[in-house]
file work.tsv (TSV, C-alpha atoms)
chain	number	residue	atom	x	y	z
A	1	MET	CA	136.87	257.20	48.35
A	2	ILE	CA	136.80	259.59	51.31
A	3	ASN	CA	134.82	262.82	51.24
A	4	PHE	CA	136.01	265.33	53.83
A	5	GLU	CA	133.97	268.06	55.51
A	6	PHE	CA	135.78	270.65	57.62
A	7	SER	CA	134.95	272.84	60.57
A	8	ASN	CA	138.27	274.69	60.24
A	9	LYS	CA	139.70	273.84	56.84
A	10	ALA	CA	142.84	275.95	57.18
A	11	PHE	CA	143.90	273.84	60.17
A	12	GLU	CA	142.28	270.45	59.53
A	13	SER	CA	143.22	270.00	55.88
A	14	GLN	CA	146.85	269.27	56.82
A	15	PHE	CA	145.68	265.99	58.37
A	16	VAL	CA	143.89	264.68	55.28
A	17	PRO	CA	146.86	262.63	53.96
A	18	LEU	CA	147.34	261.02	57.39
A	19	VAL	CA	143.66	260.09	57.62
A	20	GLU	CA	143.62	258.68	54.09
A	21	GLU	CA	146.75	256.63	54.67
A	22	ALA	CA	145.61	255.32	58.05
A	23	TYR	CA	142.16	254.37	56.78
A	24	ALA	CA	143.66	252.57	53.79
A	25	GLU	CA	146.04	250.66	56.06
A	26	ALA	CA	143.30	249.73	58.51
A	27	SER	CA	141.04	248.63	55.67
A	28	GLY	CA	143.80	246.45	54.27
A	29	LEU	CA	144.20	244.72	57.61
A	30	LEU	CA	140.46	244.19	57.91
A	31	GLY	CA	140.18	242.77	54.42
A	32	GLY	CA	138.21	245.57	52.80
A	33	VAL	CA	136.03	248.51	53.66
A	34	PRO	CA	132.39	248.50	54.77
A	35	THR	CA	131.53	251.21	52.25
A	36	ASP	CA	132.84	252.46	48.89
A	37	THR	CA	132.41	256.09	49.90
A	38	LEU	CA	133.26	257.28	53.41
A	39	ARG	CA	132.19	260.65	54.81
A	40	VAL	CA	134.72	262.05	57.28
A	41	GLN	CA	133.40	265.09	59.09
A	42	PHE	CA	135.77	267.17	61.21
A	43	LYS	CA	134.05	268.43	64.35
A	44	GLN	CA	134.96	270.31	67.50
A	45	GLY	CA	135.29	268.45	70.80
A	46	ALA	CA	138.73	266.81	70.80
A	47	ASP	CA	139.93	265.46	74.12
A	48	GLU	CA	142.50	267.71	75.79
A	49	THR	CA	144.60	264.76	76.95
A	50	THR	CA	145.00	263.05	73.57
A	51	GLY	CA	144.42	266.06	71.29
A	52	VAL	CA	141.96	264.13	69.14
A	53	GLY	CA	138.52	262.55	69.18
A	54	GLY	CA	136.47	260.18	67.07
A	55	PHE	CA	132.91	258.96	66.66
A	56	THR	CA	131.45	256.41	64.26
A	57	HIS	CA	128.02	257.62	63.25
A	58	SER	CA	127.48	254.88	60.66
A	59	GLU	CA	129.45	252.60	58.39
A	60	GLU	CA	129.51	255.48	55.89
A	61	HIS	CA	130.11	258.39	58.27
A	62	ILE	CA	132.91	258.98	60.79
A	63	ASN	CA	133.51	262.15	62.79
A	64	LEU	CA	137.00	263.26	63.80
A	65	ALA	CA	138.11	266.08	66.09
A	66	ILE	CA	141.60	267.59	66.31
A	67	LEU	CA	142.60	270.07	69.00
A	68	ALA	CA	144.37	273.16	67.69
A	69	GLY	CA	147.39	274.20	69.72
A	70	TYR	CA	148.03	270.75	71.21
A	71	GLU	CA	151.45	270.78	72.91
A	72	ASP	CA	153.03	267.87	71.01
A	73	SER	CA	152.09	267.66	67.34
A	74	GLU	CA	153.92	264.36	66.82
A	75	VAL	CA	152.03	262.67	69.66
A	76	GLN	CA	148.80	264.16	68.38
A	77	ARG	CA	149.37	262.78	64.90
A	78	GLY	CA	150.06	259.36	66.37
A	79	ASN	CA	146.86	259.58	68.37
A	80	LEU	CA	144.93	260.61	65.26
A	81	ARG	CA	146.30	257.63	63.35
A	82	GLY	CA	145.15	255.39	66.18
A	83	THR	CA	141.73	257.04	66.20
A	84	VAL	CA	141.25	256.34	62.49
A	85	PHE	CA	142.09	252.67	63.07
A	86	HIS	CA	139.74	252.65	66.06
A	87	GLU	CA	136.78	254.09	64.17
A	88	ALA	CA	137.48	251.93	61.10
A	89	LEU	CA	137.08	248.82	63.23
A	90	HIS	CA	133.87	250.17	64.74
A	91	ALA	CA	132.50	250.66	61.23
A	92	TRP	CA	133.66	247.20	60.19
A	93	GLN	CA	132.06	245.51	63.21
A	94	GLY	CA	128.88	247.58	62.93
A	95	PHE	CA	129.35	249.27	66.28
A	96	THR	CA	127.85	252.57	65.18
A	97	TYR	CA	125.52	255.21	66.55
A	98	GLU	CA	123.08	254.38	63.77
A	99	LYS	CA	122.70	250.82	65.11
A	100	ALA	CA	122.44	251.77	68.80
A	101	PRO	CA	121.41	251.03	71.46
A	102	PHE	CA	123.89	248.38	72.52
A	103	THR	CA	124.28	247.09	76.05
A	104	ALA	CA	127.12	248.48	78.12
A	105	LEU	CA	128.83	245.08	77.99
A	106	GLU	CA	128.63	245.05	74.20
A	107	ALA	CA	130.06	248.58	74.15
A	108	ALA	CA	132.96	247.53	76.39
A	109	ILE	CA	133.77	244.59	74.13
A	110	TYR	CA	133.69	246.64	70.92
A	111	GLU	CA	135.64	249.51	72.48
A	112	GLY	CA	138.19	247.02	73.78
A	113	CYS	CA	138.60	245.53	70.31
A	114	ALA	CA	139.13	248.95	68.77
A	115	LEU	CA	141.63	249.99	71.42
A	116	VAL	CA	143.70	246.84	71.03
A	117	PHE	CA	143.55	247.29	67.25
A	118	GLU	CA	144.92	250.83	67.39
A	119	ARG	CA	147.51	249.90	69.98
A	120	GLN	CA	148.84	246.81	68.19
A	121	TYR	CA	148.43	247.76	64.55
A	122	ALA	CA	148.54	251.56	64.47
A	123	GLY	CA	151.30	251.77	67.05
A	124	ALA	CA	149.24	254.31	69.00
A	125	ALA	CA	149.66	254.94	72.71
A	126	ALA	CA	145.90	254.47	73.27
A	127	SER	CA	146.41	255.93	76.75
A	128	TYR	CA	142.69	256.13	77.48
A	129	GLY	CA	142.59	252.34	77.42
A	130	ASP	CA	145.61	251.83	79.71
A	131	TYR	CA	144.51	249.66	82.64
A	132	SER	CA	147.97	248.82	84.00
A	133	GLN	CA	147.46	250.69	87.26
A	134	TYR	CA	144.48	248.55	88.31
A	135	SER	CA	144.25	245.13	89.91
A	136	GLU	CA	142.41	242.18	88.38
A	137	GLU	CA	139.90	242.46	91.23
A	138	GLU	CA	139.16	246.11	90.45
A	139	LEU	CA	138.76	245.48	86.73
A	140	GLY	CA	136.62	242.41	87.30
A	141	GLY	CA	134.39	244.33	89.69
A	142	TRP	CA	133.88	247.12	87.19
A	143	LEU	CA	133.15	244.55	84.48
A	144	ASP	CA	130.42	243.07	86.67
A	145	GLU	CA	128.91	246.54	87.09
A	146	ILE	CA	129.07	247.12	83.34
A	147	ARG	CA	127.22	243.81	82.79
A	148	SER	CA	124.37	245.06	84.97
A	149	ILE	CA	123.90	248.41	83.22
A	150	GLY	CA	122.30	247.12	80.03
A	151	THR	CA	121.15	249.68	77.48
A	152	ALA	CA	121.02	252.44	80.11
A	153	TYR	CA	124.53	253.21	78.90
A	154	TYR	CA	122.91	254.65	75.76
A	155	GLU	CA	119.63	255.81	77.24
A	156	ASP	CA	120.83	257.69	80.34
A	157	THR	CA	123.36	260.47	79.78
A	158	THR	CA	124.56	260.35	83.38
A	159	VAL	CA	125.33	256.63	83.15
A	160	TRP	CA	127.21	257.16	79.88
A	161	GLN	CA	129.24	260.05	81.30
A	162	GLU	CA	130.20	258.02	84.39
A	163	TRP	CA	131.54	255.06	82.46
A	164	ALA	CA	132.81	256.70	79.28
A	165	LEU	CA	134.23	259.94	80.70
A	166	TYR	CA	134.59	260.23	84.49
A	167	HIS	CA	133.14	258.12	87.29
A	168	PRO	CA	132.82	260.27	90.44
A	169	LYS	CA	132.37	257.28	92.76
A	170	TYR	CA	135.67	255.74	91.70
A	171	GLU	CA	137.36	259.01	90.70
A	172	GLN	CA	138.50	257.38	87.46
A	173	LYS	CA	138.38	258.42	83.81
A	174	TRP	CA	137.47	256.26	80.80
A	175	LEU	CA	136.50	253.09	82.71
A	176	MET	CA	134.51	251.71	79.78
A	177	TYR	CA	137.61	251.80	77.59
A	178	LYS	CA	140.02	250.53	80.22
A	179	VAL	CA	137.81	247.62	81.26
A	180	GLY	CA	137.14	246.82	77.60
A	181	SER	CA	140.86	246.77	76.77
A	182	TRP	CA	141.58	244.51	79.71
A	183	PHE	CA	138.75	242.16	78.80
A	184	ILE	CA	139.90	241.82	75.17
A	185	ASP	CA	143.54	241.34	76.13
A	186	ARG	CA	142.47	238.64	78.59
A	187	THR	CA	140.31	236.92	75.98
A	188	LEU	CA	143.05	236.99	73.38
A	189	ASN	CA	145.63	235.61	75.80
A	190	LYS	CA	143.30	232.90	77.07
A	191	ASN	CA	142.51	231.68	73.56
A	192	GLN	CA	145.92	232.41	71.98
A	193	LEU	CA	144.32	234.64	69.37
A	194	ASP	CA	145.22	237.86	67.59
A	195	LEU	CA	142.88	240.84	67.53
A	196	LEU	CA	142.25	240.29	63.81
A	197	ASP	CA	140.77	236.89	64.70
A	198	LEU	CA	137.92	238.82	66.34
A	199	LYS	CA	137.23	241.35	63.59
A	200	ASP	CA	134.27	239.48	62.10
A	201	MET	CA	132.75	238.42	65.43
A	202	THR	CA	129.85	239.97	67.28
A	203	ALA	CA	130.22	241.02	70.90
A	204	GLY	CA	128.25	237.92	71.89
A	205	GLN	CA	130.61	235.64	70.01
A	206	ILE	CA	133.62	237.31	71.59
A	207	LEU	CA	132.04	236.97	75.02
A	208	SER	CA	131.61	233.24	74.46
A	209	LEU	CA	135.38	232.93	73.98
A	210	ASP	CA	135.97	234.36	77.43
A	211	ILE	CA	133.56	232.04	79.19
A	212	ALA	CA	134.35	228.90	77.19
call {"tool": "encode", "arguments": {"input": "work.tsv", "output": "structure tokens"}}
result
Amino acid sequence: MINFEFSNKAFESQFVPLVEEAYAEASGLLGGVPTDTLRVQFKQGADETTGVGGFTHSEEHINLAILAGYEDSEVQRGNLRGTVFHEALHAWQGFTYEKAPFTALEAAIYEGCALVFERQYAGAAASYGDYSQYSEEELGGWLDEIRSIGTAYYEDTTVWQEWALYHPKYEQKWLMYKVGSWFIDRTLNKNQLDLLDLKDMTAGQILSLDIA
């Protein structure tokens, strides 16, 4: 059962059936739900590029944001479907704000899992995880930097903003998500696995697949 809370009910209520359907589909793929009752709270703060936003507060509480007036409603709905899949996997794997802090490397692994999940199973563009324009050397270098950050990713707002939003040194957006997507794709290809093979693994267990 999903309980919805709105910030702008007149606008946001139209998306309730999509959210319910997407969450049910994601839960079916994962083999269940982490909670019998889910709280979905609509908030402000959607990304202008994708038209949506998401945040997993706990296994029982997910926040969603939807930008009013987004230029392409069909693309926005596809992005929202992907976001629901993304946050559902976070809840399933226990990658939630309630259980923070995690290391930056753990965050990259969990974000990568969620991005691949929404891309492959929700059919979402997941553009913020697109790493196709970068070389293996660039991505590997950023991964090494992410390894060194530790829990400062959660404890220092500047560090979080650089890697999650925009890194002024590299003039790049969303590096945490792009590096995470690349890392998970590489791990899956190396081990001939599907993303759903990772759904019950911790970040440490997934990391061991890459270095095995």
call {"tool": "closest_residue", "arguments": {"input": "work.tsv", "among": "A:Gly129, A:Ala91, A:Tyr153, A:Leu80", "to": "Phe183 (chain A)", "atoms": "all atoms listed in the file"}}
result
A:Gly129
call {"tool": "atom_distance", "arguments": {"input": "work.tsv", "atom1": "CA of Leu64 (chain A)", "atom2": "CA of Gly31 (chain A)"}}
result
22.8 Å
call {"tool": "closest_residue", "arguments": {"input": "work.tsv", "among": "A:Val179, A:Leu188, A:Leu195, A:Leu165", "to": "Glu136 (chain A)", "atoms": "all atoms listed in the file"}}
result
A:Val179
call {"tool": "residues_around", "arguments": {"input": "work.tsv", "residues": "region 45-56 of chain A", "least_positions_apart": "6", "cutoff": "6 Å", "atoms": "all atoms listed in the file", "output": "PyMOL selection string"}}
result
chain A and resi 62-67+70+76+87+96
call {"tool": "residues_around", "arguments": {"input": "work.tsv", "residues": "Thr103 (chain A)", "least_positions_apart": "5", "cutoff": "9 Å", "atoms": "only C-alpha atoms", "output": "list in words"}}
result
Ala108, Ile146, Arg147, Ile149, Gly150, Thr151, Ala152, Tyr153 and Tyr154 of chain A
